[in-house]
file input-v1.txt (compact mmCIF, C-alpha atoms)
# COMPACT_ATOMS: atom_id res chain seq x y z
CA MET A 4 0.00 0.00 0.00
CA ALA A 5 2.81 2.43 0.90
CA ALA A 6 4.47 1.72 -2.44
CA SER A 7 1.23 2.42 -4.32
CA LEU A 8 0.79 5.74 -2.56
CA GLU A 9 4.36 6.75 -3.28
CA GLU A 10 4.03 5.82 -6.95
CA ASN A 11 1.06 8.17 -7.33
CA SER A 12 2.29 11.01 -5.12
CA ASP A 13 3.66 12.94 -8.11
CA GLU A 14 0.25 12.91 -9.82
CA LEU A 15 -1.23 15.70 -7.75
CA GLN A 16 -4.85 16.42 -8.55
CA THR A 17 -5.31 20.15 -9.05
CA TRP A 18 -8.58 22.03 -8.78
CA PRO A 19 -9.60 24.81 -11.19
CA LYS A 20 -9.89 28.18 -9.44
CA PHE A 21 -12.74 30.67 -9.23
CA VAL A 22 -11.02 33.82 -7.91
CA LEU A 23 -13.00 36.47 -6.05
CA PHE A 24 -11.09 39.77 -6.27
CA GLY A 25 -12.25 42.94 -4.58
CA ASP A 26 -12.41 45.02 -1.41
CA SER A 27 -13.80 44.27 2.05
CA ILE A 28 -17.13 43.05 0.68
CA THR A 29 -15.14 40.32 -1.03
CA GLN A 30 -12.87 39.77 1.98
CA LEU A 31 -16.00 39.00 4.00
CA ALA A 32 -17.33 36.59 1.36
CA PHE A 33 -16.58 33.55 3.53
CA CYS A 34 -18.05 34.84 6.78
CA ASP A 35 -21.05 33.01 8.22
CA GLY A 36 -23.62 32.94 5.42
CA GLY A 37 -21.22 34.69 3.04
CA TRP A 38 -21.74 34.79 -0.72
CA GLY A 39 -18.36 33.19 -1.42
CA ALA A 40 -19.18 30.26 0.84
CA ALA A 41 -22.49 29.85 -0.96
CA LEU A 42 -20.72 29.69 -4.32
CA GLN A 43 -18.23 27.15 -3.01
CA ASN A 44 -21.10 24.99 -1.80
CA VAL A 45 -22.62 25.00 -5.29
CA LEU A 46 -19.29 24.32 -7.02
CA GLN A 47 -17.83 21.75 -4.64
CA ARG A 48 -15.87 18.94 -6.31
CA GLN A 49 -15.62 21.08 -9.49
CA CYS A 50 -13.41 24.01 -8.50
CA ASP A 51 -12.04 25.96 -5.57
CA VAL A 52 -13.53 29.37 -4.86
CA VAL A 53 -10.52 31.44 -3.80
CA CYS A 54 -11.04 34.66 -1.84
CA ARG A 55 -8.69 37.53 -2.66
CA GLY A 56 -10.64 40.31 -0.98
CA LEU A 57 -8.61 43.23 0.38
CA SER A 58 -10.41 45.45 2.87
CA GLY A 59 -10.18 49.16 2.16
CA TYR A 60 -8.78 48.76 -1.35
CA THR A 61 -9.84 50.75 -4.39
CA THR A 62 -9.37 50.06 -8.09
CA ALA A 63 -6.21 52.19 -7.93
CA TRP A 64 -4.70 49.76 -5.45
CA GLY A 65 -6.35 46.70 -6.95
CA LYS A 66 -4.76 47.10 -10.36
CA LEU A 67 -1.34 47.26 -8.69
CA VAL A 68 -1.74 43.98 -6.82
CA LEU A 69 -3.70 42.01 -9.44
CA PRO A 70 -0.50 40.87 -11.23
CA GLN A 71 0.67 39.49 -7.88
CA ILE A 72 -2.48 37.36 -7.67
CA ILE A 73 -3.00 36.19 -11.27
CA ASN A 74 -0.32 35.92 -13.93
CA LYS A 75 0.27 33.98 -17.13
CA HIS A 76 1.55 30.99 -15.16
CA ASN A 77 -1.41 30.42 -12.83
CA ALA A 78 -4.10 31.87 -15.13
CA ARG A 79 -4.33 28.48 -16.85
CA ASP A 80 -5.88 27.13 -13.63
CA VAL A 81 -8.37 30.03 -13.32
CA VAL A 82 -11.81 29.33 -14.70
CA LEU A 83 -13.64 32.46 -13.47
CA VAL A 84 -12.81 35.80 -11.82
CA THR A 85 -15.01 38.39 -10.15
CA ILE A 86 -13.89 42.02 -9.95
CA PHE A 87 -15.83 43.79 -7.21
CA PHE A 88 -14.62 47.33 -6.50
CA GLY A 89 -16.25 50.72 -6.20
CA ALA A 90 -17.53 51.11 -2.65
CA ASN A 91 -14.28 52.82 -1.59
CA ASP A 92 -13.62 54.52 -4.93
CA ALA A 93 -16.97 56.30 -4.57
CA SER A 94 -16.13 57.83 -1.20
CA LEU A 95 -16.48 61.62 -1.25
CA LYS A 96 -13.37 63.49 -2.35
CA GLU A 97 -13.60 66.05 0.45
CA MET A 98 -14.04 63.32 3.06
CA SER A 99 -11.63 60.54 2.05
CA PRO A 100 -8.12 60.33 0.56
CA LYS A 101 -9.18 57.03 -1.01
CA HIS A 102 -11.56 58.78 -3.40
CA VAL A 103 -10.97 57.73 -7.01
CA PRO A 104 -12.41 60.07 -9.68
CA LEU A 105 -15.09 58.47 -11.82
CA ASP A 106 -13.08 58.58 -15.04
CA VAL A 107 -10.06 57.08 -13.29
CA TYR A 108 -12.27 54.36 -11.82
CA LYS A 109 -13.37 53.40 -15.32
CA THR A 110 -9.78 53.43 -16.57
CA ASN A 111 -8.64 51.26 -13.67
CA LEU A 112 -11.37 48.69 -14.33
CA THR A 113 -10.47 48.68 -18.02
CA ASP A 114 -6.79 48.21 -17.20
CA MET A 115 -7.58 45.21 -14.99
CA LEU A 116 -9.75 43.64 -17.67
CA GLU A 117 -7.07 44.14 -20.30
CA TYR A 118 -4.49 42.63 -17.98
CA LEU A 119 -6.60 39.52 -17.39
CA GLN A 120 -7.10 39.18 -21.14
CA GLN A 121 -3.34 39.46 -21.70
CA SER A 122 -2.87 36.77 -19.05
CA GLY A 123 -4.98 34.37 -21.09
CA LEU A 124 -8.47 34.78 -19.65
CA GLY A 125 -11.40 35.19 -22.04
CA SER A 126 -14.12 37.81 -21.65
CA ASP A 127 -16.53 35.00 -20.72
CA GLN A 128 -14.37 34.18 -17.69
CA VAL A 129 -14.73 37.56 -15.98
CA ILE A 130 -17.67 38.91 -13.99
CA ILE A 131 -17.71 42.53 -12.82
CA ILE A 132 -19.89 43.41 -9.84
CA THR A 133 -20.99 46.99 -9.18
CA PRO A 134 -20.76 48.42 -5.68
CA PRO A 135 -23.90 47.78 -3.65
CA ALA A 136 -26.43 50.46 -2.85
CA LEU A 137 -25.68 52.57 0.23
CA ASP A 138 -28.13 52.98 3.10
CA GLU A 139 -27.19 56.54 4.02
CA LEU A 140 -29.02 56.64 7.36
CA ALA A 141 -27.36 53.46 8.63
CA TRP A 142 -23.96 54.47 7.27
CA GLN A 143 -24.22 57.94 8.80
CA LYS A 144 -24.95 56.35 12.18
CA HIS A 145 -21.92 54.08 11.75
CA CYS A 146 -19.69 57.02 10.82
CA GLN A 147 -20.90 59.01 13.83
CA GLU A 148 -20.10 56.07 16.11
CA MET A 149 -16.59 56.09 14.62
CA GLY A 150 -16.30 59.83 15.31
CA SER A 151 -16.57 61.05 11.72
CA SER A 152 -19.09 62.48 9.27
CA ILE A 153 -20.76 60.49 6.51
CA ASN A 154 -18.27 59.98 3.67
CA ARG A 155 -20.43 58.33 1.01
CA LEU A 156 -23.74 59.02 -0.72
CA ASN A 157 -25.99 56.54 -2.51
CA ASP A 158 -26.47 58.61 -5.64
CA VAL A 159 -22.70 59.03 -6.02
CA THR A 160 -22.24 55.28 -5.58
CA GLY A 161 -24.88 54.87 -8.28
CA GLN A 162 -22.70 56.87 -10.68
CA TYR A 163 -19.87 54.40 -10.10
CA ALA A 164 -22.24 51.48 -10.55
CA LYS A 165 -23.35 52.93 -13.89
CA ALA A 166 -19.71 53.45 -14.93
CA CYS A 167 -18.95 49.85 -13.97
CA CYS A 168 -21.76 48.62 -16.23
CA GLU A 169 -20.46 50.81 -19.05
CA VAL A 170 -16.97 49.33 -18.81
CA ALA A 171 -18.41 45.83 -18.80
CA ALA A 172 -20.42 46.59 -21.94
CA GLU A 173 -17.39 48.10 -23.68
CA ARG A 174 -15.21 45.12 -22.82
CA LYS A 175 -18.00 42.58 -23.43
CA VAL A 176 -17.83 40.99 -20.00
CA THR A 177 -20.72 40.06 -17.72
CA CYS A 178 -21.79 42.67 -15.19
CA VAL A 179 -23.89 42.09 -12.09
CA ASP A 180 -25.51 45.45 -11.34
CA LEU A 181 -25.89 44.90 -7.62
CA TRP A 182 -26.65 48.59 -6.94
CA THR A 183 -29.75 48.50 -9.14
CA ALA A 184 -30.84 44.96 -8.28
CA MET A 185 -30.85 45.65 -4.55
CA GLN A 186 -33.05 48.71 -4.84
CA LYS A 187 -35.65 46.84 -6.85
CA GLU A 188 -36.36 44.80 -3.73
CA LYS A 189 -38.73 45.85 -0.95
CA ASP A 190 -36.92 47.02 2.20
CA TRP A 191 -33.56 46.61 0.43
CA GLN A 192 -31.79 48.17 3.40
CA LYS A 193 -31.98 44.73 5.06
CA PHE A 194 -29.27 43.62 2.63
CA LEU A 195 -26.74 45.83 4.45
CA GLU A 196 -25.23 45.29 7.86
CA ASP A 197 -23.98 48.81 8.58
CA GLY A 198 -25.27 50.63 5.54
CA LEU A 199 -22.28 49.66 3.39
CA HIS A 200 -21.27 46.02 3.93
CA LEU A 201 -23.54 43.12 3.07
CA SER A 202 -25.62 41.48 5.75
CA ARG A 203 -26.31 37.75 5.72
CA GLU A 204 -29.43 38.44 3.64
CA GLY A 205 -27.42 40.66 1.33
CA SER A 206 -24.83 37.95 0.84
CA GLN A 207 -27.55 35.45 0.01
CA PHE A 208 -29.04 37.93 -2.46
CA LEU A 209 -25.70 38.39 -4.23
CA ALA A 210 -25.10 34.64 -4.23
CA GLN A 211 -28.45 34.13 -5.97
CA LEU A 212 -27.40 36.58 -8.69
CA LEU A 213 -24.00 34.96 -9.14
CA THR A 214 -24.91 31.28 -8.92
CA PRO A 215 -26.38 30.93 -12.45
CA LEU A 216 -23.33 32.70 -13.89
CA ALA A 217 -20.97 30.52 -11.89
CA GLN A 218 -22.74 27.36 -13.01
CA GLU A 219 -22.71 28.48 -16.63
CA GLY A 220 -19.00 29.22 -16.42
CA THR A 221 -18.13 25.88 -14.83
CA ASN A 222 -20.61 23.45 -16.41
CA HIS A 223 -17.82 22.06 -18.59
CA LEU A 224 -15.82 21.00 -15.53
CA PRO A 225 -15.95 17.38 -14.43
CA ILE A 226 -16.55 16.20 -10.90
CA ILE A 227 -13.09 15.70 -9.40
CA PHE A 228 -12.44 12.11 -8.29
CA PRO A 229 -15.08 9.42 -8.82
CA LEU A 230 -18.37 9.60 -6.99
CA SER A 231 -18.54 7.14 -4.11
CA GLU A 232 -21.19 5.06 -5.85
CA ASP A 233 -18.77 4.56 -8.73
CA VAL A 234 -16.08 3.09 -6.50
CA ASP A 235 -15.95 -0.63 -5.87
CA PRO A 236 -15.41 -0.86 -2.09
CA TYR A 237 -13.56 -4.12 -2.58
CA LYS A 238 -11.28 -2.78 -5.33
CA PRO A 239 -11.11 1.02 -4.85
CA GLU A 240 -7.71 1.22 -6.54
CA GLU A 241 -9.27 0.62 -9.95
CA ALA A 242 -11.23 3.87 -9.76
CA LEU A 243 -9.18 6.04 -7.44
CA LEU A 244 -5.69 5.49 -8.82
CA ASN A 245 -6.80 6.04 -12.42
CA ARG A 246 -7.88 9.61 -11.60
CA ARG A 247 -11.20 8.97 -13.34
CA GLN A 248 -13.43 12.04 -13.50
CA THR A 249 -17.16 12.08 -14.05
CA LYS A 250 -19.07 14.79 -15.88
CA ASN A 251 -21.48 16.77 -13.72
CA ASP A 252 -25.02 16.27 -15.02

call {"tool": "encode", "arguments": {"input": "input-v1.txt", "output": "structure tokens"}}
result
Amino acid sequence: MAASLEENSDELQTWPKFVLFGDSITQLAFCDGGWGAALQNVLQRQCDVVCRGLSGYTTAWGKLVLPQIINKHNARDVVLVTIFFGANDASLKEMSPKHVPLDVYKTNLTDMLEYLQQSGLGSDQVIIITPPALDELAWQKHCQEMGSSINRLNDVTGQYAKACCEVAAERKVTCVDLWTAMQKEKDWQKFLEDGLHLSREGSQFLAQLLTPLAQEGTNHLPIIFPLSEDVDPYKPEEALLNRRQTKND
């Protein structure tokens, strides 16, 4: 048995990667009830959902670190990528040094999309997500508790959401307009924990929007390792050592 294991140890089974790239709303994607965890549950045994969320980051910072996360060497293992920035970019210029002008925001998103394309990813492998709507009353309360004034406005965030959709259309990539989708729902403020970050319900809402896109982008992937019902319990080596993979119906 030890010899058999050693003989196959150099045949490491790799998992395709679904990379979530963004700010704190992405960093929190695997919290209890998080949207990233929901996606991983749907895609288990097909690919790994990898969280690369960076709290407080803007597109200006994101485009600098993206090449340190995905490059031509590991892009071959990437099946899907989400780009989810804008909540910090849209902060008010007079209130935050992290403010990114709207035209620069669009340029930064375009630069990241072009980089991913140059790294070997197709336009059908990228999903852009707009910043979520902002509950100004809840966010103002949060800011006051932190000893500051409100530094974001919902209509300004909406301008960034619109710009995000425009970039997606220009680059022919899929866009999830979370800002608009949220506000079509009754009592949409329940989707936000503090007025800015997604609540458990908000995460579930985003997961529902992303799941069909994730399934469409991964439906060509096989189930990794044979299903248990396809393994002979008396001769498991025949199935397990041949690395047989079964299509997901």

call {"tool": "residues_around", "arguments": {"input": "input-v1.txt", "residues": "Phe88 (chain A)", "least_positions_apart": "2", "cutoff": "12 Å", "atoms": "only C-alpha atoms", "output": "count of residues only"}}
result
44

call {"tool": "atom_distance", "arguments": {"input": "input-v1.txt", "atom1": "CA of Val129 (chain A)", "atom2": "CA of Gln71 (chain A)"}}
result
17.5 Å

call {"tool": "atom_distance", "arguments": {"input": "input-v1.txt", "atom1": "CA of Trp182 (chain A)", "atom2": "CA of Val53 (chain A)"}}
result
23.8 Å

call {"tool": "axis_aligned_box", "arguments": {"input": "input-v1.txt", "around": "region 170-185 of chain A", "padding_each_side": "5 Å", "output": "AutoDock Vina command-line options"}}
result
--center_x -23.0 --center_y 44.7 --center_z -14.1 --size_x 25.6 --size_y 19.3 --size_z 29.1

call {"tool": "closest_residue", "arguments": {"input": "input-v1.txt", "among": "A:Gly89, A:Ala40, A:Thr110, A:Asp127", "to": "Val170 (chain A)", "atoms": "only C-alpha atoms"}}
result
A:Thr110

call {"tool": "atom_distance", "arguments": {"input": "input-v1.txt", "atom1": "CA of Tyr118 (chain A)", "atom2": "CA of Leu209 (chain A)"}}
result
25.6 Å

call {"tool": "decode", "arguments": {"input": "input-v1.txt", "residues": "region 117-148 of chain A", "atoms": "N, CA, C and O atoms", "output": "compact mmCIF listing (two decimals), in the first residue's frame"}}
result
# COMPACT_ATOMS: atom_id res chain seq x y z
N GLU A 117 -8.07 44.35 -19.25
CA GLU A 117 -7.07 44.14 -20.30
C GLU A 117 -5.93 43.26 -19.80
O GLU A 117 -5.43 42.40 -20.53
N TYR A 118 -5.54 43.46 -18.55
CA TYR A 118 -4.49 42.63 -17.98
C TYR A 118 -4.91 41.16 -17.92
O TYR A 118 -4.13 40.27 -18.29
N LEU A 119 -6.12 40.91 -17.47
CA LEU A 119 -6.60 39.52 -17.39
C LEU A 119 -6.66 38.89 -18.78
O LEU A 119 -6.31 37.72 -18.95
N GLN A 120 -7.07 39.68 -19.77
CA GLN A 120 -7.10 39.18 -21.14
C GLN A 120 -5.69 38.83 -21.62
O GLN A 120 -5.46 37.79 -22.24
N GLN A 121 -4.73 39.70 -21.32
CA GLN A 121 -3.34 39.46 -21.70
C GLN A 121 -2.77 38.23 -20.98
O GLN A 121 -1.85 37.58 -21.49
N SER A 122 -3.33 37.93 -19.82
CA SER A 122 -2.87 36.77 -19.05
C SER A 122 -3.49 35.47 -19.55
O SER A 122 -3.15 34.40 -19.05
N GLY A 123 -4.41 35.57 -20.49
CA GLY A 123 -4.98 34.37 -21.09
C GLY A 123 -6.43 34.10 -20.76
O GLY A 123 -6.97 33.08 -21.18
N LEU A 124 -7.07 34.99 -20.00
CA LEU A 124 -8.47 34.78 -19.65
C LEU A 124 -9.38 35.40 -20.71
O LEU A 124 -9.15 36.52 -21.16
N GLY A 125 -10.44 34.69 -21.07
CA GLY A 125 -11.40 35.19 -22.04
C GLY A 125 -12.42 36.11 -21.38
O GLY A 125 -12.59 36.09 -20.16
N SER A 126 -13.12 36.90 -22.19
CA SER A 126 -14.12 37.81 -21.65
C SER A 126 -15.25 37.05 -20.96
O SER A 126 -15.91 37.59 -20.06
N ASP A 127 -15.48 35.80 -21.34
CA ASP A 127 -16.53 35.00 -20.72
C ASP A 127 -16.10 34.41 -19.38
O ASP A 127 -16.89 33.73 -18.71
N GLN A 128 -14.87 34.69 -18.96
CA GLN A 128 -14.37 34.18 -17.69
C GLN A 128 -14.34 35.25 -16.60
O GLN A 128 -13.90 34.98 -15.49
N VAL A 129 -14.80 36.44 -16.92
CA VAL A 129 -14.73 37.56 -15.98
C VAL A 129 -16.14 38.10 -15.69
O VAL A 129 -16.93 38.30 -16.61
N ILE A 130 -16.41 38.32 -14.42
CA ILE A 130 -17.67 38.91 -13.99
C ILE A 130 -17.35 40.16 -13.16
O ILE A 130 -16.62 40.08 -12.18
N ILE A 131 -17.88 41.30 -13.60
CA ILE A 131 -17.71 42.53 -12.82
C ILE A 131 -18.97 42.74 -11.98
O ILE A 131 -20.09 42.56 -12.47
N ILE A 132 -18.77 43.14 -10.73
CA ILE A 132 -19.89 43.41 -9.84
C ILE A 132 -19.85 44.89 -9.45
O ILE A 132 -18.80 45.40 -9.04
N THR A 133 -20.96 45.59 -9.58
CA THR A 133 -20.99 46.99 -9.18
C THR A 133 -21.00 47.09 -7.66
O THR A 133 -21.35 46.13 -6.97
N PRO A 134 -20.61 48.25 -7.14
CA PRO A 134 -20.76 48.42 -5.68
C PRO A 134 -22.23 48.31 -5.30
O PRO A 134 -23.12 48.62 -6.10
N PRO A 135 -22.50 47.88 -4.09
CA PRO A 135 -23.90 47.78 -3.65
C PRO A 135 -24.47 49.16 -3.36
O PRO A 135 -23.74 50.15 -3.26
N ALA A 136 -25.79 49.22 -3.26
CA ALA A 136 -26.43 50.46 -2.85
C ALA A 136 -25.99 50.81 -1.43
O ALA A 136 -25.56 49.95 -0.65
N LEU A 137 -26.08 52.09 -1.09
CA LEU A 137 -25.68 52.57 0.23
C LEU A 137 -26.90 53.05 1.01
O LEU A 137 -27.67 53.87 0.51
N ASP A 138 -27.08 52.51 2.20
CA ASP A 138 -28.13 52.98 3.10
C ASP A 138 -27.53 54.15 3.89
O ASP A 138 -26.80 53.96 4.86
N GLU A 139 -27.85 55.36 3.46
CA GLU A 139 -27.19 56.54 4.02
C GLU A 139 -27.47 56.72 5.50
O GLU A 139 -26.58 57.12 6.26
N LEU A 140 -28.69 56.45 5.94
CA LEU A 140 -29.02 56.64 7.36
C LEU A 140 -28.20 55.70 8.25
O LEU A 140 -27.64 56.12 9.26
N ALA A 141 -28.12 54.44 7.84
CA ALA A 141 -27.36 53.46 8.63
C ALA A 141 -25.87 53.77 8.58
O ALA A 141 -25.17 53.65 9.58
N TRP A 142 -25.39 54.18 7.40
CA TRP A 142 -23.96 54.47 7.27
C TRP A 142 -23.58 55.74 8.03
O TRP A 142 -22.51 55.83 8.63
N GLN A 143 -24.48 56.72 8.03
CA GLN A 143 -24.22 57.94 8.80
C GLN A 143 -24.12 57.62 10.29
O GLN A 143 -23.23 58.14 10.98
N LYS A 144 -25.00 56.76 10.77
CA LYS A 144 -24.95 56.35 12.18
C LYS A 144 -23.62 55.66 12.48
O LYS A 144 -22.99 55.92 13.52
N HIS A 145 -23.19 54.78 11.56
CA HIS A 145 -21.92 54.08 11.75
C HIS A 145 -20.76 55.07 11.79
O HIS A 145 -19.87 54.96 12.65
N CYS A 146 -20.76 56.03 10.87
CA CYS A 146 -19.69 57.02 10.82
C CYS A 146 -19.66 57.85 12.10
O CYS A 146 -18.58 58.13 12.65
N GLN A 147 -20.83 58.23 12.60
CA GLN A 147 -20.90 59.01 13.83
C GLN A 147 -20.34 58.22 15.01
O GLN A 147 -19.64 58.78 15.86
N GLU A 148 -20.63 56.93 15.04
CA GLU A 148 -20.10 56.07 16.11
C GLU A 148 -18.58 55.97 16.04
O GLU A 148 -17.92 55.76 17.05
